[in-house]
Amino acid sequence: MFDVEKYEIADQMWSMALSVMGLPFRTLQHPALKEAFHFLAKLPKYKLPFTTTLRTKLLDKTYANVKRMAEQNIWDHNFCMRATDSCDGWTNRNGRPQMNIMFINHYREMLHAHANGNNMTKDAKWVSGHIFNAIKEVDPKNVLQFTTDNASVNILAGKFVRAEYSYIIFGRCVAHGINLLFEDMDKLAWIGAIFGKCNDIVSFIKNSHQSHTMLMNFFSDGATLLKPGVT
């Protein structure tokens with residue numbers, strides 16, 4: 001028998017759970033979660049796994065499954081010839097250096113490798129070594145181009161890779177180049193003054209609810225204003 005009251009209580013519990021965890025309500029619309037709910041409906045006595053099981057055995061299985069699906073989706077198709085190896089250097093929230101290598105084509109992108117640079121000399125040899133490994137793992141004939149930012153270490157690493165694979169194009173990140181250009185432009189007094197005025201205008205509009213609402217409703221088709229940030 002359909003118990004309306006119990007279903008309403010269940011809906012309220014989901015609303016409370018998402019609110020407490022700080023998750024967006026659209027989380028319930030994710031296909032993976034819907035698939036899990038659909039399967040759980042067939043297991044009325046099912047109990048959630050322990051946290052230790054999730055972060056050990058189940059995490060290892062999930063990693064293996066995702067890796068297998070990613071490799072099938074990326075490399076078992078003809079368009080893998082247009083893959084691009086993108087290398088970027090970052091620091092994590094603990095300030096430790098790291099490098100991520102992604103493969104990209106017209107259809108999708110995939111994080112292929114992650115390198116921890118903590119206690120390592122992050123020179124051109126170190127960077128190029130990880131790029132070499134990634135290229136070999138997917139077969140060099142599948143790589144058309146690789147891209148890094150404009151750091152001198154990465155540029156030298158690119159030359160090392162090109163010496164081995166002359167047919168692979170080495171491209172520097174245009175977005176990073178534009179970012180460096182604007183940083184240099186900001187050092188000019190008259191341009192810095194313009195940037196400062198723009199920031200003041202944006203701050204005024206965003207700090208005024210009425211002005212911000214008028215902007216979004218009547219002048220910007222719902223878009224908000226952004227200020228330049230540190231990258």
# chains A, B, ... in the order shown; residues from 1 in each chain; ligands from 1
>>> residues_around(residues="Leu226 in chain A", least_positions_apart="5", cutoff="10 Å", atoms="only C-alpha atoms", output="ChimeraX atom specification")
/A:199,202-203,206
>>> closest_residue(among="A:Ala193, A:Thr62, A:Thr147, A:Ala124", to="Met102 in chain A", atoms="only C-alpha atoms")
A:Thr147
>>> atom_distance(atom1="CA of Ile178 in chain A", atom2="CA of Ala151 in chain A")
13.4 Å
>>> select_by_dssp(residues="range 109-207 of chain A", states="strand (DSSP E)", output="PyMOL selection string")
chain A and resi 109-116+143-148+169-172
>>> write_last_selection(atoms="N, CA and C atoms", output="PDB file, in the first residue's frame")
ATOM      1  N   GLU A 109      38.003  14.898 -22.327  1.00  0.00           N
ATOM      2  CA  GLU A 109      39.323  15.042 -21.726  1.00  0.00           C
ATOM      3  C   GLU A 109      39.438  14.089 -20.544  1.00  0.00           C
ATOM      4  N   MET A 110      40.669  13.692 -20.222  1.00  0.00           N
ATOM      5  CA  MET A 110      40.881  12.725 -19.158  1.00  0.00           C
ATOM      6  C   MET A 110      42.164  13.054 -18.410  1.00  0.00           C
ATOM      7  N   LEU A 111      42.078  13.066 -17.088  1.00  0.00           N
ATOM      8  CA  LEU A 111      43.276  13.203 -16.269  1.00  0.00           C
ATOM      9  C   LEU A 111      44.028  11.882 -16.326  1.00  0.00           C
ATOM     10  N   HIS A 112      45.217  11.916 -16.896  1.00  0.00           N
ATOM     11  CA  HIS A 112      45.964  10.678 -17.126  1.00  0.00           C
ATOM     12  C   HIS A 112      46.938  10.365 -16.000  1.00  0.00           C
ATOM     13  N   ALA A 113      47.610  11.376 -15.477  1.00  0.00           N
ATOM     14  CA  ALA A 113      48.640  11.116 -14.470  1.00  0.00           C
ATOM     15  C   ALA A 113      48.772  12.312 -13.538  1.00  0.00           C
ATOM     16  N   HIS A 114      49.225  12.011 -12.344  1.00  0.00           N
ATOM     17  CA  HIS A 114      49.478  13.046 -11.341  1.00  0.00           C
ATOM     18  C   HIS A 114      50.856  12.787 -10.743  1.00  0.00           C
ATOM     19  N   ALA A 115      51.675  13.817 -10.694  1.00  0.00           N
ATOM     20  CA  ALA A 115      53.031  13.677 -10.160  1.00  0.00           C
ATOM     21  C   ALA A 115      53.206  14.594  -8.959  1.00  0.00           C
ATOM     22  N   ASN A 116      53.671  14.034  -7.871  1.00  0.00           N
ATOM     23  CA  ASN A 116      53.927  14.801  -6.652  1.00  0.00           C
ATOM     24  C   ASN A 116      55.365  15.309  -6.677  1.00  0.00           C
ATOM     25  N   VAL A 143      49.688  10.793 -30.044  1.00  0.00           N
ATOM     26  CA  VAL A 143      49.835  12.146 -29.496  1.00  0.00           C
ATOM     27  C   VAL A 143      50.193  13.111 -30.619  1.00  0.00           C
ATOM     28  N   LEU A 144      49.369  14.110 -30.786  1.00  0.00           N
ATOM     29  CA  LEU A 144      49.601  15.111 -31.828  1.00  0.00           C
ATOM     30  C   LEU A 144      50.340  16.325 -31.283  1.00  0.00           C
ATOM     31  N   GLN A 145      50.016  16.722 -30.060  1.00  0.00           N
ATOM     32  CA  GLN A 145      50.556  17.963 -29.512  1.00  0.00           C
ATOM     33  C   GLN A 145      50.608  17.871 -27.997  1.00  0.00           C
ATOM     34  N   PHE A 146      51.523  18.580 -27.381  1.00  0.00           N
ATOM     35  CA  PHE A 146      51.497  18.729 -25.934  1.00  0.00           C
ATOM     36  C   PHE A 146      51.692  20.198 -25.593  1.00  0.00           C
ATOM     37  N   THR A 147      51.065  20.602 -24.510  1.00  0.00           N
ATOM     38  CA  THR A 147      51.026  22.014 -24.141  1.00  0.00           C
ATOM     39  C   THR A 147      51.413  22.184 -22.680  1.00  0.00           C
ATOM     40  N   THR A 148      52.198  23.213 -22.380  1.00  0.00           N
ATOM     41  CA  THR A 148      52.519  23.574 -21.001  1.00  0.00           C
ATOM     42  C   THR A 148      52.329  25.079 -20.850  1.00  0.00           C
ATOM     43  N   ILE A 169      53.835  18.386 -31.908  1.00  0.00           N
ATOM     44  CA  ILE A 169      53.860  19.844 -31.808  1.00  0.00           C
ATOM     45  C   ILE A 169      53.917  20.259 -30.339  1.00  0.00           C
ATOM     46  N   PHE A 170      54.770  21.206 -30.037  1.00  0.00           N
ATOM     47  CA  PHE A 170      54.844  21.760 -28.687  1.00  0.00           C
ATOM     48  C   PHE A 170      54.224  23.150 -28.696  1.00  0.00           C
ATOM     49  N   GLY A 171      53.146  23.331 -27.949  1.00  0.00           N
ATOM     50  CA  GLY A 171      52.469  24.625 -27.904  1.00  0.00           C
ATOM     51  C   GLY A 171      52.455  25.182 -26.494  1.00  0.00           C
ATOM     52  N   ARG A 172      52.750  26.449 -26.371  1.00  0.00           N
ATOM     53  CA  ARG A 172      52.672  27.105 -25.067  1.00  0.00           C
ATOM     54  C   ARG A 172      51.242  27.585 -24.820  1.00  0.00           C
TER      55      ARG A 172
END
>>> atom_distance(atom1="CA of Ala157 in chain A", atom2="CA of Ser128 in chain A")
4.8 Å
>>> closest_residue(among="A:Ile104, A:Leu43, A:Met69, A:Leu48", to="Asn142 in chain A", atoms="only C-alpha atoms")
A:Ile104
>>> closest_residue(among="A:Ile168, A:Met120, A:Phe25, A:Trp126", to="Lys141 in chain A", atoms="only C-alpha atoms")
A:Ile168
>>> residues_around(residues="Val161 in chain A", least_positions_apart="5", cutoff="8 Å", atoms="only C-alpha atoms", output="JSON, numbers by chain")
{"A": [128, 131, 132, 166]}
>>> write_last_selection(atoms="N, CA and C atoms", output="tab-separated table (two decimals), in the first residue's frame")
chain	number	residue	atom	x	y	z
A	128	SER	N	59.99	16.84	-18.08
A	128	SER	CA	60.01	16.08	-19.34
A	128	SER	C	59.92	14.59	-19.10
A	131	ILE	N	56.34	13.73	-18.83
A	131	ILE	CA	55.70	13.85	-20.15
A	131	ILE	C	56.09	12.66	-21.02
A	132	PHE	N	57.36	12.28	-20.99
A	132	PHE	CA	57.82	11.11	-21.75
A	132	PHE	C	57.04	9.86	-21.33
A	166	SER	N	60.05	14.62	-32.84
A	166	SER	CA	60.04	15.87	-33.60
A	166	SER	C	58.70	16.15	-34.27
>>> residues_around(residues="Val174 in chain A", least_positions_apart="5", cutoff="12 Å", atoms="only C-alpha atoms", output="PyMOL selection string")
chain A and resi 147-150+179-181
